[in-house]
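Colleague: Coordinates in protein.txt, compact mmCIF, C-alpha atoms, are listed below.
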```
# COMPACT_ATOMS: atom_id res chain seq x y z
CA MET D 27 25.29 -22.84 53.06
CA ARG D 28 21.67 -23.52 53.89
CA GLU D 29 20.98 -19.79 53.98
CA SER D 30 22.50 -19.43 50.49
CA LEU D 31 20.32 -22.25 49.16
CA ALA D 32 17.28 -20.68 50.80
CA TRP D 33 17.91 -17.55 48.76
CA LEU D 34 18.79 -19.41 45.56
CA LEU D 35 15.70 -21.62 45.40
CA PRO D 36 13.13 -18.79 45.12
CA GLY D 37 15.33 -17.06 42.55
CA ALA D 38 15.70 -20.23 40.51
CA THR D 39 11.94 -20.81 40.70
CA LEU D 40 11.21 -17.30 39.44
CA LEU D 41 13.72 -17.73 36.62
CA LEU D 42 12.14 -21.02 35.55
CA LEU D 43 8.68 -19.43 35.64
CA ALA D 44 9.92 -16.51 33.55
CA LEU D 45 11.47 -18.88 31.01
CA ALA D 46 8.25 -20.89 30.89
CA VAL D 47 6.20 -17.76 30.22
CA VAL D 48 8.60 -16.66 27.47
CA ALA D 49 8.52 -20.12 25.91
CA PHE D 50 4.71 -20.17 26.04
CA LEU D 51 4.41 -16.73 24.43
CA LEU D 52 6.91 -17.67 21.75
CA TYR D 53 5.04 -20.91 21.05
CA ARG D 54 1.76 -19.01 20.74
CA ARG D 55 3.36 -16.57 18.33
CA LEU D 56 4.93 -19.30 16.23
CA THR D 57 1.69 -21.30 16.01
CA SER D 58 -0.63 -18.35 15.37
CA SER D 59 -2.28 -17.91 11.98
CA ILE D 60 -4.47 -15.45 10.12
CA ASP D 61 -7.51 -16.69 8.22
CA ALA D 62 -9.01 -14.13 5.86
CA GLU D 63 -12.77 -13.83 6.08
CA VAL D 64 -15.01 -13.77 3.03
CA GLN D 65 -18.64 -12.93 2.46
CA GLN D 66 -20.64 -16.11 2.04
CA GLY D 67 -22.20 -16.58 -1.37
CA THR D 68 -25.21 -18.48 -2.60
CA PRO D 69 -24.59 -20.97 -5.42
CA THR D 70 -26.70 -20.44 -8.50
CA ALA D 71 -29.91 -22.41 -8.13
CA ALA D 72 -30.92 -24.96 -10.75
CA PRO D 73 -33.75 -23.77 -13.04
CA ASP D 74 -37.32 -24.65 -12.10
CA ASP D 75 -38.05 -25.85 -15.63
CA PRO D 76 -36.38 -29.26 -16.08
CA THR D 77 -37.15 -29.29 -19.82
CA PRO D 78 -33.92 -29.66 -21.79
CA PRO D 79 -33.17 -26.76 -24.14
CA THR D 80 -33.76 -27.16 -27.84
CA ALA D 81 -30.78 -27.44 -30.16
CA ALA D 82 -31.37 -23.87 -31.30
CA GLU D 83 -31.49 -22.56 -27.73
CA GLY D 84 -28.31 -24.42 -26.81
CA SER D 85 -26.56 -23.13 -29.91
CA ALA D 86 -27.56 -19.54 -29.12
CA VAL D 87 -26.25 -19.83 -25.56
CA ALA D 88 -23.01 -21.38 -26.79
CA GLN D 89 -22.45 -18.56 -29.27
CA ARG D 90 -23.02 -15.88 -26.63
CA LEU D 91 -20.48 -17.54 -24.33
CA LEU D 92 -17.96 -17.83 -27.16
CA ASP D 93 -18.52 -14.17 -28.06
CA ALA D 94 -17.82 -13.26 -24.43
CA GLY D 95 -14.40 -14.88 -24.78
CA LEU D 96 -14.73 -18.31 -23.16
CA ASN D 97 -12.82 -21.31 -24.45
CA ARG D 98 -14.77 -23.91 -26.37
CA GLU D 99 -13.05 -26.65 -24.32
CA PRO D 100 -11.22 -26.35 -20.94
CA VAL D 101 -7.59 -25.24 -21.01
CA LEU D 102 -6.58 -24.51 -17.40
CA GLY D 103 -9.36 -25.98 -15.30
CA ASP D 104 -11.95 -23.56 -16.66
CA THR D 105 -15.52 -24.74 -17.17
CA ALA D 106 -15.51 -23.64 -20.83
CA VAL D 107 -18.50 -23.56 -23.17
CA SER D 108 -18.68 -27.36 -23.30
CA GLY D 109 -19.03 -27.56 -19.51
CA HIS D 110 -21.75 -24.92 -19.35
CA LEU D 111 -23.72 -26.67 -22.08
CA ARG D 112 -23.51 -29.98 -20.23
CA ARG D 113 -24.93 -28.29 -17.13
CA LEU D 114 -27.64 -26.68 -19.24
CA GLU D 115 -28.67 -29.99 -20.79
CA ALA D 116 -28.61 -31.68 -17.36
CA GLY D 117 -30.87 -29.02 -15.87
CA GLU D 118 -28.16 -27.83 -13.45
CA VAL D 119 -28.25 -24.27 -14.75
CA GLY D 120 -30.75 -22.29 -16.80
CA GLY D 121 -30.33 -20.61 -20.14
CA LYS D 122 -31.17 -17.20 -18.69
CA THR D 123 -28.40 -17.60 -16.11
CA LEU D 124 -25.87 -18.43 -18.83
CA LEU D 125 -26.93 -15.49 -21.01
CA ARG D 126 -26.61 -13.16 -18.04
CA TYR D 127 -23.22 -14.74 -17.29
CA ALA D 128 -22.10 -13.93 -20.84
CA ASP D 129 -23.21 -10.31 -20.39
CA ASP D 130 -21.39 -10.06 -17.05
CA LEU D 131 -18.22 -11.48 -18.57
CA ALA D 132 -18.40 -8.97 -21.41
CA ARG D 133 -18.62 -6.17 -18.87
CA LEU D 134 -15.57 -7.47 -17.00
CA ASN D 135 -13.71 -7.59 -20.33
CA ARG D 136 -14.56 -3.97 -21.12
CA PHE D 137 -13.81 -2.68 -17.63
CA THR D 138 -10.43 -4.36 -17.20
CA ALA D 139 -9.35 -3.34 -20.72
CA GLU D 140 -10.28 0.27 -20.00
CA GLU D 141 -8.25 0.13 -16.77
CA GLY D 142 -5.14 -1.00 -18.64
CA GLY D 143 -4.99 -4.68 -17.67
CA PRO D 144 -7.37 -6.82 -19.76
CA VAL D 145 -8.00 -9.94 -17.70
CA PRO D 146 -8.49 -13.05 -19.89
CA THR D 147 -12.13 -14.10 -19.84
CA ASP D 148 -11.38 -17.72 -19.00
CA PHE D 149 -9.62 -16.61 -15.79
CA TRP D 150 -13.07 -15.93 -14.30
CA ASP D 151 -14.57 -19.16 -15.65
CA VAL D 152 -13.38 -21.39 -12.81
CA ARG D 153 -15.08 -23.09 -9.87
CA THR D 154 -12.74 -24.13 -7.07
CA GLU D 155 -13.33 -26.24 -3.97
CA VAL D 156 -12.66 -23.20 -1.79
CA MET D 157 -15.32 -21.22 -3.67
CA GLU D 158 -17.87 -24.00 -3.24
CA ALA D 159 -17.03 -24.33 0.46
CA ASN D 160 -17.91 -20.65 0.86
CA GLY D 161 -21.12 -20.84 -1.17
CA TRP D 162 -19.79 -19.44 -4.45
CA ASP D 163 -19.71 -20.63 -8.04
CA GLU D 164 -18.39 -18.88 -11.14
CA TYR D 165 -21.80 -17.43 -11.98
CA GLY D 166 -22.15 -15.82 -8.55
CA ILE D 167 -18.56 -14.53 -8.48
CA VAL D 168 -18.82 -12.94 -11.92
CA ARG D 169 -22.24 -11.44 -11.12
CA ASN D 170 -20.82 -10.00 -7.89
CA LEU D 171 -17.73 -8.55 -9.59
CA SER D 172 -19.68 -7.02 -12.46
CA GLY D 173 -21.68 -4.78 -10.11
CA PRO D 174 -20.73 -1.14 -9.39
CA ALA D 175 -19.88 -1.87 -5.75
CA ARG D 176 -17.01 -4.12 -6.81
CA GLU D 177 -15.40 -1.71 -9.26
CA PRO D 178 -12.62 -0.71 -6.81
CA TYR D 179 -11.50 -4.34 -6.48
CA LEU D 180 -11.80 -4.97 -10.20
CA ARG D 181 -9.77 -1.81 -10.81
CA LEU D 182 -7.10 -3.10 -8.42
CA LEU D 183 -6.79 -6.36 -10.35
CA ALA D 184 -6.80 -4.66 -13.75
CA ARG D 185 -4.27 -1.95 -12.90
CA GLY D 186 -2.07 -4.40 -11.04
CA TYR D 187 -2.15 -6.76 -13.99
CA GLY D 188 -1.44 -3.89 -16.38
CA ARG D 189 1.70 -3.06 -14.38
CA PHE D 190 2.69 -6.73 -14.48
CA LEU D 191 2.28 -6.80 -18.28
CA LEU D 192 4.57 -3.79 -18.59
CA PHE D 193 7.15 -5.70 -16.59
CA LYS D 194 6.88 -8.76 -18.85
CA ALA D 195 7.21 -6.57 -21.94
CA GLY D 196 10.36 -4.85 -20.67
CA GLU D 197 11.98 -7.69 -18.75
CA GLU D 198 13.99 -9.31 -21.54
CA ALA D 199 15.45 -5.99 -22.67
CA GLY D 200 16.44 -5.15 -19.11
CA GLU D 201 14.04 -2.20 -18.99
CA ASP D 202 12.09 -3.46 -15.97
CA THR D 203 12.54 -5.87 -13.09
CA ALA D 204 10.46 -8.25 -11.02
CA LEU D 205 11.46 -6.42 -7.85
CA ASP D 206 10.26 -3.06 -9.19
CA ALA D 207 7.01 -4.45 -10.57
CA ALA D 208 6.14 -6.33 -7.37
CA LEU D 209 6.80 -3.32 -5.14
CA ASP D 210 4.98 -0.95 -7.52
CA LEU D 211 1.81 -2.95 -6.84
CA PHE D 212 1.74 -1.39 -3.37
CA ALA D 213 0.56 1.88 -4.94
CA TYR D 214 -2.49 0.19 -6.48
CA VAL D 215 -3.30 -1.52 -3.19
CA GLU D 216 -3.07 1.79 -1.33
CA ALA D 217 -5.50 3.37 -3.82
CA TYR D 218 -7.88 0.43 -3.42
CA TYR D 219 -7.67 0.58 0.35
CA GLU D 220 -8.52 4.29 0.37
CA SER D 221 -11.52 3.78 -1.91
CA VAL D 222 -13.51 1.22 0.07
CA PRO D 223 -14.86 1.00 3.62
CA PHE D 224 -13.51 -1.65 5.96
CA ALA D 225 -16.56 -3.87 5.51
CA ALA D 226 -15.89 -4.09 1.78
CA LEU D 227 -12.21 -4.98 2.03
CA THR D 228 -11.09 -8.01 0.11
CA GLU D 229 -8.94 -9.32 2.92
CA HIS D 230 -9.62 -8.82 6.61
CA ALA D 231 -9.49 -11.19 9.54
CA GLU D 232 -9.25 -11.44 13.28
CA GLY D 233 -5.72 -10.74 14.39
CA ILE D 234 -5.06 -7.96 11.90
CA GLU D 235 -4.31 -4.87 13.96
CA GLY D 236 -4.72 -2.00 11.50
CA GLU D 237 -4.46 -0.62 8.00
CA ALA D 238 -0.74 -1.34 7.60
CA GLU D 239 -1.41 -5.05 8.09
CA GLU D 240 -4.50 -5.04 5.85
CA VAL D 241 -2.64 -3.32 3.02
CA LEU D 242 0.21 -5.83 3.28
CA LEU D 243 -2.10 -8.85 3.17
CA ILE D 244 -3.96 -7.48 0.13
CA TRP D 245 -0.65 -6.75 -1.58
CA GLN D 246 0.65 -10.28 -0.92
CA SER D 247 -2.58 -11.67 -2.35
CA LEU D 248 -2.19 -9.59 -5.53
CA VAL D 249 1.52 -10.42 -5.95
CA ALA D 250 1.48 -14.12 -5.10
CA GLY D 251 -1.58 -15.37 -3.21
CA THR D 252 0.51 -18.14 -1.68
CA THR D 253 1.31 -19.06 1.90
CA ARG D 254 3.50 -21.41 3.91
CA VAL D 255 2.57 -24.40 6.05
CA ASN D 256 3.54 -24.05 9.69
CA PRO D 257 5.84 -27.01 10.51
CA LEU D 258 4.59 -26.95 14.11
CA THR D 259 0.89 -27.20 13.26
CA GLY D 260 0.72 -28.50 9.69
CA SER D 261 -1.71 -25.68 8.84
CA PRO D 262 -1.31 -22.61 6.60
CA MET D 263 0.25 -19.65 8.40
CA PHE D 264 -2.20 -17.30 6.68
CA SER D 265 -4.89 -17.58 4.04
CA HIS D 266 -6.56 -15.48 1.35
CA SER D 267 -9.74 -17.56 1.16
CA ILE D 268 -11.41 -17.46 -2.29
CA TYR D 269 -9.17 -14.54 -3.29
CA ALA D 270 -5.97 -16.60 -3.27
CA ARG D 271 -6.14 -17.12 -7.05
CA ASP D 272 -6.77 -13.43 -7.79
CA ASN D 273 -3.12 -12.60 -8.36
CA VAL D 274 -1.24 -11.31 -11.38
CA GLY D 275 0.68 -14.55 -11.86
CA THR D 276 -2.43 -16.71 -12.08
CA ILE D 277 -4.09 -14.23 -14.44
CA TYR D 278 -0.99 -14.35 -16.63
CA GLN D 279 -1.23 -18.12 -16.94
CA TYR D 280 -4.66 -17.74 -18.55
CA ASP D 281 -3.18 -15.17 -20.92
CA GLN D 282 -0.51 -17.70 -21.90
CA ASP D 283 -2.87 -20.70 -21.91
CA ARG D 284 -0.38 -22.79 -19.95
CA ALA D 285 0.40 -23.61 -16.34
CA LEU D 286 3.36 -21.71 -14.90
CA SER D 287 4.90 -21.75 -11.44
CA ILE D 288 5.13 -18.49 -9.55
CA ALA D 289 8.91 -18.66 -10.01
CA GLU D 290 8.48 -18.91 -13.80
CA VAL D 291 6.01 -16.03 -13.75
CA TRP D 292 8.17 -13.60 -11.76
CA GLY D 293 11.82 -14.64 -11.92
CA VAL D 294 14.43 -12.75 -9.89
CA THR D 295 15.39 -9.69 -11.92
CA GLY D 296 16.28 -6.76 -9.69
CA PHE D 297 17.67 -8.88 -6.84
CA ALA D 298 21.44 -8.67 -6.29
CA PRO D 299 23.26 -12.05 -6.49
CA ARG D 300 23.56 -12.43 -2.71
CA PHE D 301 19.75 -12.40 -2.46
CA VAL D 302 19.46 -15.19 -5.04
CA GLY D 303 22.39 -17.50 -4.36
CA ILE D 304 21.94 -20.07 -7.12
CA PRO D 305 20.03 -20.04 -10.45
CA GLY D 306 17.54 -22.55 -9.11
CA ASN D 307 16.47 -20.17 -6.35
CA ASN D 308 14.03 -18.37 -8.61
CA ASN D 309 11.07 -17.59 -6.35
CA GLN D 310 12.42 -14.55 -4.53
CA VAL D 311 9.36 -12.35 -5.13
CA GLU D 312 7.20 -15.00 -3.46
CA HIS D 313 9.75 -15.52 -0.66
CA MET D 314 9.95 -11.78 -0.05
CA SER D 315 6.16 -11.38 0.12
CA ILE D 316 5.70 -14.29 2.51
CA SER D 317 8.56 -13.21 4.77
CA MET D 318 7.03 -9.72 4.96
CA VAL D 319 3.68 -11.13 6.05
CA LEU D 320 5.23 -13.48 8.59
CA GLN D 321 7.37 -10.75 10.14
CA ILE D 322 4.87 -7.86 10.05
CA LEU D 323 1.51 -9.56 10.56
CA LEU D 324 2.44 -12.61 12.60
CA GLY D 325 5.46 -11.16 14.37
CA ASP D 326 7.64 -14.18 13.59
CA PRO D 327 11.22 -13.46 14.73
CA VAL D 328 13.76 -13.34 11.91
CA LEU D 329 15.93 -15.77 13.91
CA VAL D 330 13.17 -18.37 13.66
CA LEU D 331 12.76 -17.84 9.92
CA ASP D 332 16.51 -18.18 9.46
CA ALA D 333 16.51 -21.34 11.60
CA ILE D 334 13.97 -22.86 9.21
CA GLU D 335 16.36 -22.22 6.32
CA GLU D 336 19.25 -23.77 8.26
CA GLU D 337 17.13 -26.83 9.04
CA ARG D 338 16.34 -27.26 5.32
CA VAL D 339 20.07 -27.31 4.56
CA LEU D 340 20.76 -29.87 7.29
CA ALA D 341 17.89 -32.03 6.02
CA GLY D 342 19.27 -31.88 2.48
CA HIS D 343 16.25 -29.99 1.14
CA ALA D 344 18.14 -26.82 0.19
CA ASP D 345 21.53 -25.73 -1.05
CA LYS D 346 23.62 -23.69 1.42
CA ALA D 347 23.94 -20.78 -1.03
CA GLU D 348 20.16 -20.83 -1.56
CA ALA D 349 19.51 -20.77 2.19
CA ASP D 350 22.01 -17.96 2.68
CA ALA D 351 20.22 -15.91 0.01
CA ASP D 352 16.83 -16.52 1.61
CA MET D 353 18.22 -15.55 5.01
CA ALA D 354 19.76 -12.40 3.52
CA LEU D 355 16.31 -11.45 2.21
CA ASN D 356 14.69 -12.24 5.57
CA ASN D 357 17.18 -9.99 7.30
CA ALA D 358 16.79 -7.19 4.75
CA ILE D 359 13.07 -7.18 5.51
CA HIS D 360 13.81 -7.27 9.24
CA SER D 361 16.30 -4.40 9.23
CA GLU D 362 15.27 -2.21 6.28
CA PHE D 363 11.50 -2.71 5.86
CA ALA D 364 9.89 -3.71 9.14
CA PRO D 365 11.14 -0.77 11.29
CA LEU D 366 9.65 1.77 8.85
CA TYR D 367 6.54 0.01 7.57
CA ARG D 368 3.95 1.00 10.16
CA GLU D 369 4.96 4.67 10.34
CA ASP D 370 5.76 5.33 6.66
CA ARG D 371 4.81 2.59 4.24
CA GLN D 372 6.11 4.40 1.17
CA ARG D 373 9.55 4.92 2.69
CA ALA D 374 9.64 1.27 3.75
CA VAL D 375 8.79 0.13 0.23
CA GLU D 376 11.43 2.37 -1.34
CA ARG D 377 14.02 1.19 1.17
CA LEU D 378 13.26 -2.42 0.29
CA ARG D 379 13.42 -1.55 -3.41
CA CYS D 380 16.95 -0.18 -2.92
CA PHE D 381 18.47 -2.69 -0.50
CA PRO D 382 18.00 -6.03 -2.34
CA ARG D 383 19.51 -4.39 -5.42
CA GLY D 384 22.69 -3.90 -3.43
CA GLU D 385 22.49 -0.14 -4.03
CA CYS D 386 22.15 1.12 -0.46
```
If you took the structure in this file and wrote it as structure tokens, what would it be?

Modeller:
Amino acid sequence: MRESLAWLLPGATLLLLALAVVAFLLYRRLTSSIDAEVQQGTPTAAPDDPTPPTAAEGSAVAQRLLDAGLNREPVLGDTAVSGHLRRLEAGEVGGKTLLRYADDLARLNRFTAEEGGPVPTDFWDVRTEVMEANGWDEYGIVRNLSGPAREPYLRLLARGYGRFLLFKAGEEAGEDTALDAALDLFAYVEAYYESVPFAALTEHAEGIEGEAEEVLLIWQSLVAGTTRVNPLTGSPMFSHSIYARDNVGTIYQYDQDRALSIAEVWGVTGFAPRFVGIPGNNNQVEHMSISMVLQILLGDPVLVLDAIEEERVLAGHADKAEADADMALNNAIHSEFAPLYREDRQRAVERLRCFPRGEC
């Protein structure tokens, strides 16, 4: 008996150590995150001349900004002409800066229209806390984007938005679907990725292993720009930095001059009923994009993602049919998309286009 115990104890110790290592590695994986890096900007400096502009000068600046397409008063958190004039009168920004801003905005208008996706001017006219934290304001962002070096990114936004507008035009007649439009955006991201060097990529961060991951993160930013909070850490699982708002849904809100949720923007056309569950589960494009990032970039096991859905049901935060639909989508990504994605991205995308339709 003692001899048996003598053999069992080392074995049990090794088993416990192995389980501890596995638990530690799983915990590290489940608490890992990806934070996209961004080039630091320099906020526009206040003018050296503190003299307030004359009424004529202020009127001329206002007209140039209106001609560029800005709103007279804010609509969706934009600065608008009234806000720029207040800064001008307070000496926070100079007249030359505002005139150059108007010229830069006009160039963005021309470029995006020529590329098939005219971005509303007031979409650019926003200053967020994240921008300020990274040294940017709307004048610096627009100046940066209006330069030749940023044309590939601007082209990505314009062409992606153009595809989104085609979807919105054909959606009601059943001529296009959210699933098709969202997955078609991969082609524009691939073209963007091929056109710029790594140092100029919109989204890159420590922890991203290669081009497949970079392409996916850029695509998720263009489609949704959202993330999820890790319940274990309380922090975002991944971020898009100042580029989080540069997505087709946010651009569309400025076209419509009203706030819309991502679910209202995209809807669920193209998804078979078992991937939707209930009418209220209307954010499947967003759910799909986030699940793809979590599984491909962060390596989160599908069992863990499904367990989160089960926990929401038990806590009364989700309907069982809704959770089942979300889990079905998680597992479609796990079985149909993830195995192919790194070796053949186009095949993976087409497989995911087919499977949630219930056609393959």

Colleague: Extract, using only C-alpha atoms, all DNA, RNA and protein residues at most 12 Å from Asp210 in chain D, discarding same-chain residues fewer than 6 positions from it, and format them as a list in words.

Modeller: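 Neighbouring residues, sequence-local ones excluded: Arg185, Gly186, Tyr187, Gly188, Arg189, Phe190, Leu192, Phe193, Asp202, Thr203, Ala204, Glu216, Ala217, Trp245, Leu248, Val249, Gln372, Val375, Glu376, Leu378 and Arg379 of chain D.
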
Colleague: Would you mind telling me which residue in D:Pro178, D:Pro365, D:Gly303, D:Gly325 lies nearest to Ala344 in chain D when using all atoms listed in the file?

Modeller: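 Among D:Pro178, D:Pro365, D:Gly303, D:Gly325, it is D:Gly303 that comes nearest to Ala344 in chain D.
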
Colleague: Which residue out of D:Pro79, D:Gly142, D:Gly251, D:Gly342 has the minimum interatomic distance to Glu312 in chain D when all atoms listed in the file are used?

Modeller: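 Checking each candidate against Glu312 in chain D, we get D:Gly251 as the closest.
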
Colleague: Around (-19.4, -5.6, -9.2) in the file's frame, which residues reach within 12 Å when counting all atoms listed in the file? Return as a VMD selection string?

Modeller: chain D and resid 130 to 131 133 to 134 137 166 to 181 226

Colleague: Could you write out that same residue set with C-alpha atoms as a short mmCIF file (atom, residue, chain, number, x, y, z; two decimals), in the frame of the given file?

Modeller:
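part.cif written:
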```cif
data_model
loop_
_atom_site.label_atom_id
_atom_site.label_comp_id
_atom_site.auth_asym_id
_atom_site.auth_seq_id
_atom_site.Cartn_x
_atom_site.Cartn_y
_atom_site.Cartn_z
CA ASP D 130 -21.39 -10.06 -17.05
CA LEU D 131 -18.22 -11.48 -18.57
CA ARG D 133 -18.62 -6.17 -18.87
CA LEU D 134 -15.57 -7.47 -17.00
CA PHE D 137 -13.81 -2.68 -17.63
CA GLY D 166 -22.15 -15.82 -8.55
CA ILE D 167 -18.56 -14.53 -8.48
CA VAL D 168 -18.82 -12.94 -11.92
CA ARG D 169 -22.24 -11.44 -11.12
CA ASN D 170 -20.82 -10.00 -7.89
CA LEU D 171 -17.73 -8.55 -9.59
CA SER D 172 -19.68 -7.02 -12.46
CA GLY D 173 -21.68 -4.78 -10.11
CA PRO D 174 -20.73 -1.14 -9.39
CA ALA D 175 -19.88 -1.87 -5.75
CA ARG D 176 -17.01 -4.12 -6.81
CA GLU D 177 -15.40 -1.71 -9.26
CA PRO D 178 -12.62 -0.71 -6.81
CA TYR D 179 -11.50 -4.34 -6.48
CA LEU D 180 -11.80 -4.97 -10.20
CA ARG D 181 -9.77 -1.81 -10.81
CA ALA D 226 -15.89 -4.09 1.78
#
```

Colleague: Can you work out the spacing between CA of Asp93 in chain D and CA of Val291 in chain D in Å, to one decimal?

Modeller: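 According to the coordinates, CA of Asp93 in chain D and CA of Val291 in chain D are separated by 28.5 Å.
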
Colleague: As a list in words, please: the residues near Ile268 in chain D (cut-off 9 Å, all atoms listed in the file, same-chain neighbours under 6 positions excluded).

Modeller: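 The residues satisfying every condition are Val64, Thr154, Val156, Met157, Asn160 and Trp162 of chain D.
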
Colleague: Next, dump the selected residues to file, keeping only C-alpha atoms, as a PDB file, keeping the file's coordinate frame.

Modeller:
```pdb
ATOM      1  CA  VAL D  64     -15.010 -13.770   3.030  1.00  0.00           C
ATOM      2  CA  THR D 154     -12.740 -24.130  -7.070  1.00  0.00           C
ATOM      3  CA  VAL D 156     -12.660 -23.200  -1.790  1.00  0.00           C
ATOM      4  CA  MET D 157     -15.320 -21.220  -3.670  1.00  0.00           C
ATOM      5  CA  ASN D 160     -17.910 -20.650   0.860  1.00  0.00           C
ATOM      6  CA  TRP D 162     -19.790 -19.440  -4.450  1.00  0.00           C
TER       7      TRP D 162
END
```

Colleague: Could you pull the residues within 8 Å of Ala128 in chain D, counting all atoms listed in the file, minus those fewer than 5 positions along the same chain, as JSON, numbers by chain?

Modeller: {"D": [90, 91, 94]}

Colleague: Which is closer to Glu197 in chain D than all the others in D:Gly306, D:Gly236, D:Gly120, D:Gly293, using only C-alpha atoms?

Modeller: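 Closest candidate: D:Gly293.
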
Colleague: So, with all atoms listed in the file as the atoms that count, which of D:Ile359, D:Arg126, D:Gly84, D:Val328 lies closest to Leu114 in chain D?

Modeller: D:Gly84

Colleague: To one decimal place, how far is CA of Glu385 in chain D from CA of Ala213 in chain D in Å?

Modeller: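 Pair CA of Glu385 in chain D / CA of Ala213 in chain D returns 22.0 Å.
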
Colleague: Hey, what's within 10 Å of Gly384 in chain D if we count all atoms listed in the file and toss same-chain stuff fewer than 6 positions away? As a PyMOL selection string, please?

Modeller: chain D and resi 296-301

Colleague: Pick out the closest residue to Val319 in chain D from this set: D:Thr123, D:Thr252, D:Thr295, D:Gln65. Count all atoms listed in the file.

Modeller: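 Distance minimum relative to Val319 in chain D lands on D:Thr252.
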
Colleague: Report, in Å with one decimal, the straight-line distance from CA of Ala289 in chain D to CA of Ala333 in chain D.

Modeller: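 Answer for the CA of Ala289 in chain D to CA of Ala333 in chain D separation: 23.1 Å.
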
Colleague: Show which residues sit within 10 Å of Ile334 in chain D, as a ChimeraX atom specification. Count all atoms listed in the file, and ignore same-chain residues fewer than 4 positions away.

Modeller: /D:257,328-330,338-340,349,353

Colleague: For range 142-148 of chain D, I'd like the enclosing box, axis-aligned and padded by 4 Å on every side, reported as AutoDock Vina command-line options with centre and edge lengths in Å to one decimal.

Modeller:
```
--center_x -8.6 --center_y -9.4 --center_z -18.8 --size_x 15.1 --size_y 24.7 --size_z 10.2
```

Colleague: Identify which of the residues D:Met263, D:Ile244, D:Leu355, D:Ile322 lies closest to Val302 in chain D, counting all atoms listed in the file when measuring atom-to-atom distances.

Modeller: D:Leu355

Colleague: Provide range 322-334 of chain D rebuilt to N, CA and C atoms, formatted as a tab-separated table (two decimals), keeping the file's coordinate frame.

Modeller:
```tsv
chain	number	residue	atom	x	y	z
D	322	ILE	N	5.69	-9.03	9.70
D	322	ILE	CA	4.87	-7.86	10.05
D	322	ILE	C	3.55	-8.28	10.68
D	323	LEU	N	2.83	-9.20	10.07
D	323	LEU	CA	1.51	-9.56	10.56
D	323	LEU	C	1.56	-10.55	11.72
D	324	LEU	N	2.41	-11.55	11.58
D	324	LEU	CA	2.44	-12.61	12.60
D	324	LEU	C	3.53	-12.41	13.63
D	325	GLY	N	4.41	-11.44	13.39
D	325	GLY	CA	5.46	-11.16	14.37
D	325	GLY	C	6.47	-12.28	14.54
D	326	ASP	N	6.66	-13.09	13.49
D	326	ASP	CA	7.64	-14.18	13.59
D	326	ASP	C	9.05	-13.60	13.64
D	327	PRO	N	9.85	-13.97	14.64
D	327	PRO	CA	11.22	-13.46	14.73
D	327	PRO	C	12.06	-13.90	13.53
D	328	VAL	N	12.93	-13.01	13.06
D	328	VAL	CA	13.76	-13.34	11.91
D	328	VAL	C	14.69	-14.52	12.25
D	329	LEU	N	15.08	-14.65	13.52
D	329	LEU	CA	15.93	-15.77	13.91
D	329	LEU	C	15.23	-17.10	13.67
D	330	VAL	N	13.92	-17.14	13.89
D	330	VAL	CA	13.17	-18.37	13.66
D	330	VAL	C	13.09	-18.67	12.17
D	331	LEU	N	12.83	-17.63	11.36
D	331	LEU	CA	12.76	-17.84	9.92
D	331	LEU	C	14.10	-18.31	9.37
D	332	ASP	N	15.17	-17.74	9.89
D	332	ASP	CA	16.51	-18.18	9.46
D	332	ASP	C	16.78	-19.61	9.91
D	333	ALA	N	16.31	-19.97	11.10
D	333	ALA	CA	16.51	-21.34	11.60
D	333	ALA	C	15.82	-22.36	10.70
D	334	ILE	N	14.67	-21.97	10.14
D	334	ILE	CA	13.97	-22.86	9.21
D	334	ILE	C	14.82	-23.11	7.97
```
